[in-house]
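Notes follow the structure.
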Amino acid sequence: MAKIESFSKKQLKLLTWWYPESRDSGYDAIICDGAVRSGKTVCMSLSFVLWAFARFDGGDFAICGKTIRSVRRNVLVPLMSLLKNQGFICEEKVSANYVDISYHDKKNRFYLFGGRDEGSASLIQGMTLSGVMFDEAALLVRSFVEQALARCSVEGSKFWFNCNPEFPKHWFYTEWIQKRKEKNTLYLHFTMQDNPSLSKEMIKRYESLYSGTFYERFVLGKWVAAEGLVYPFMSDITAFYDEPKGGFDEYVVSCDYGTVNPASFGLWGRQGTVWYRIDEYYFDSRREGNQKTDEEHYDGLLKLVGDRNVERITVDPSAASFIELVRRKGKFAVYPAENNVLDGIRRVSTALKQGEIKICRACTDIIREFGLYRWDSNGRDAPIKENDHAMDDMRYFVTTLLNKSGGGFFAVSAER
């Protein structure tokens with residue numbers, strides 16, 4: 001990102017709320033939530049640095065996200081481009097996870113942190129910070145956020161949060177957004193219309209990518225509970241396809257393994273840029289009245305694959321014995337699947353809506369599960385753990401194999 005042509009009124013408020021002349025300068029913190037692609041992150045990160053240089057020299061600050069990798073990708077790369085165009089000097093120390101930023105005779109240091117799990121809080125202990133910015137705040141664990149806030153003991157320090165909405169019982173919503181007045185926090189809610197760099201056509205494109213809960217959260221920016229079918233747009237038979245004519249460029253298999261619970265394996269074939277689920281293996285021990293061993297499920301895998309050249313297989317990461325069996329046989333390259341359920345469901349939803357993956361009518365068990373797979377109604381952000389086995393193997397395919405063909409997949413695996 002080289003430059004921003006213009007700012008909306010809400011973006012300008014975010015950029016200037018801390019100015020001494022601003023009527024909002026007395027707040028201790030700011031929260032920006034709302035739709036995706038609404039310009040929250042880039043404006044907040046720019047405002048955060050400008051505030052740091054207006055208030056401090058030689059200070060230490062923290063920029064936090066779910067992972068350090070996501071902080072670099074989503075925050076640091078576009079931020080440094082903007083700053084350099086304004087005369088700032090940015091010197092990133094990748095191995096130490098910080099960037100020194102200078103402007104004229106002032107210099108401040110910005111540390112990068114990931115706050116994805118309970119162990120992350122220990123990484124920031126002992127620091128003294130002049131301010132902290134949380135990108136994707138609702139994806140961070142509470143213990144990490146609270147530890148980072150406790151580090152801001154310098155006089156004049158402020159807290160900065162941005163996020164997309166989650167479910168309404170989420171700790172960040174109940175403890176910060178609903179209690180913003182008692183925490184002396186400025187709250188700004190963003191929509192896509194608050195980002196002047198998005199055209200009407202691009203807004204319509206983003207609106208078409210989501211449905212149900214994800215539409216309400218990521219497009220309308222609402223903190224709503226997940227309810228109803230997980231993939232409501234897949235409840236009509238017209239959402240499914242005949243197997244396309246012609247050959248496939250490559251094949252892969254995704255496996256949700258079960259002994260007492262059903263085992264579901266999906267065979268995927270790529271034709272051009274589209275992956276088709278062309279066949280499946282589904283064994284329900286309760287329905288059949290007997291259980292299968294690892295070896296018997298492996299025989300089912302071989303029958304599913306046939307004489308096709310299957311390059312990669314991804315398997316439920318909890319199925320250690322089956323993964324080891326597949327590796328020992330030496331016929332397929334096998335990888336434990338990425339297993340973040342909610343993020344995976346969102347990515348599957350987008351892949352289905354964009355036509356990156358298509359389900360063939362011959363796959364009757366996954367079609368049956370599409371009509372039964374529902375959100376839990378107890379206020380948690382989780383699907384009911386029923387009728388989810390083909391749903392899970394499809395999710396493993398999208399999170400672990402989709403768009404990671406060939407060398408790209410091995411590169412991603414090595415980074416993790």
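In the structure tokens, chains take the letters A, B, ... in the order shown, each chain's residues start at 1, and ligands count up from 1 in the order shown.
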
Problem set entry | Residues within 10 Å of Leu46 (chain A), only C-alpha atoms, excluding chain neighbours under 3 positions, as a PyMOL selection string | chain A and resi 14-15+41-43+49-52+75-76+78-80+82-83

For this session: Give the strand (DSSP E) residues of region 46-102 of chain A, as DSSP finds them on the backbone, and put them as a PyMOL selection string.
Result: chain A and resi 60-65+89-93+98-102

Problem set entry | DSSP helix (DSSP H, G or I) selection over region 250-331 of chain A, as a list in words |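 Reading the DSSP output for region 250-331 of chain A, helix (DSSP H, G or I) covers Ser285, Arg286, Arg287, Glu288, Asp294, Glu295, Glu296, His297, Tyr298, Asp299, Gly300, Leu301, Leu302, Lys303, Leu304, Val305, Ala320, Ser321, Phe322, Ile323, Glu324, Leu325, Val326, Arg327, Arg328 and Lys329 of chain A.
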
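Shortest atom-to-atom contact with Glu288 (chain A) among A:Arg72, A:Arg308, A:Thr259, A:Ile237: A:Thr259, counting only C-alpha atoms.
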
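CA of Ile68 (chain A) is found 7.8 Å from CA of Asn97 (chain A).
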
Exercise. If you count only C-alpha atoms, which residues fall within 9 Å of region 240-255 of chain A, apart from same-chain ones fewer than 6 positions away, as number ranges by chain?
Worked result: A: 234, 263-272, 275-278, 301, 305, 308-316, 337, 358-362, 367, 389-390, 392-397, 401

For this session: Just give me the gap between CA of Asp60 (chain A) and CA of Met127 (chain A) in Å, one decimal is fine.
Result: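 Computing the Euclidean distance for CA of Asp60 (chain A) and CA of Met127 (chain A) yields 8.7 Å.
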
Problem set entry | Residues within 10 Å of region 198-205 of chain A, only C-alpha atoms, excluding chain neighbours under 3 positions, as a PyMOL selection string | chain A and resi 37-39+192-195+208-210+219+354

Problem set entry | Spatial neighbours of Val230 (chain A), max dist 7 Å, only C-alpha atoms, sep filter under 3 positions, as a VMD selection string | chain A and resid 373 to 375

Export of the given selection (N, CA, C and O atoms) as a compact mmCIF listing (two decimals), in the first residue's frame:
# COMPACT_ATOMS: atom_id res chain seq x y z
N TYR A 373 -26.54 -30.14 9.64
CA TYR A 373 -25.43 -29.54 10.40
C TYR A 373 -25.85 -28.17 10.90
O TYR A 373 -26.02 -27.23 10.10
N ARG A 374 -26.01 -28.03 12.22
CA ARG A 374 -26.59 -26.82 12.78
C ARG A 374 -25.71 -26.24 13.89
O ARG A 374 -24.91 -26.94 14.51
N TRP A 375 -25.91 -24.94 14.14
CA TRP A 375 -25.23 -24.28 15.25
C TRP A 375 -25.86 -24.72 16.57
O TRP A 375 -27.07 -24.93 16.66

Problem set entry | Spatial neighbours of Thr293 (chain A), max dist 10 Å, only C-alpha atoms, sep filter under 4 positions, as a list in words | Gly258, Thr259, His297, Tyr298, Asp299 and Phe322 of chain A

For this session: In Å, rounded to a single decimal, give me how far CA of Asn164 (chain A) is from CA of Leu352 (chain A).
Result: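 Between CA of Leu352 (chain A) and CA of Asn164 (chain A) the gap is 21.5 Å.
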
For this session: Counting only C-alpha atoms, figure out which residue out of A:Ala320, A:Met44, A:Val99, A:Leu112 gets nearest to Arg69 (chain A).
Result: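 Between A:Ala320, A:Met44, A:Val99, A:Leu112, the residue approaching Arg69 (chain A) most closely is A:Leu112.
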
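Each of A:Arg73, A:Arg116, A:His104, A:Arg142 was compared to Gln86 (chain A) using only C-alpha atoms, and A:His104 turns out to be the nearest.
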
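Among the candidate residues A:Glu166, A:Asp256, A:Glu369, A:Asp236, the one lying nearest to Ala382 (chain A) is A:Glu166, with distances computed using only C-alpha atoms.
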
For this session: Show which residues sit within 10 Å of Leu139 (chain A), as a PyMOL selection string. Count only C-alpha atoms, and ignore same-chain residues fewer than 2 positions away.
Result: chain A and resi 65-67+115-117+134-137+141-142+163-166+170+172

For this session: Rank nothing, just name the residue among A:Arg380, A:Phe218, A:Val154, A:Leu372 nearest to Pro232 (chain A), using only C-alpha atoms.
Result: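 For Pro232 (chain A), the nearest of the candidates is A:Leu372.
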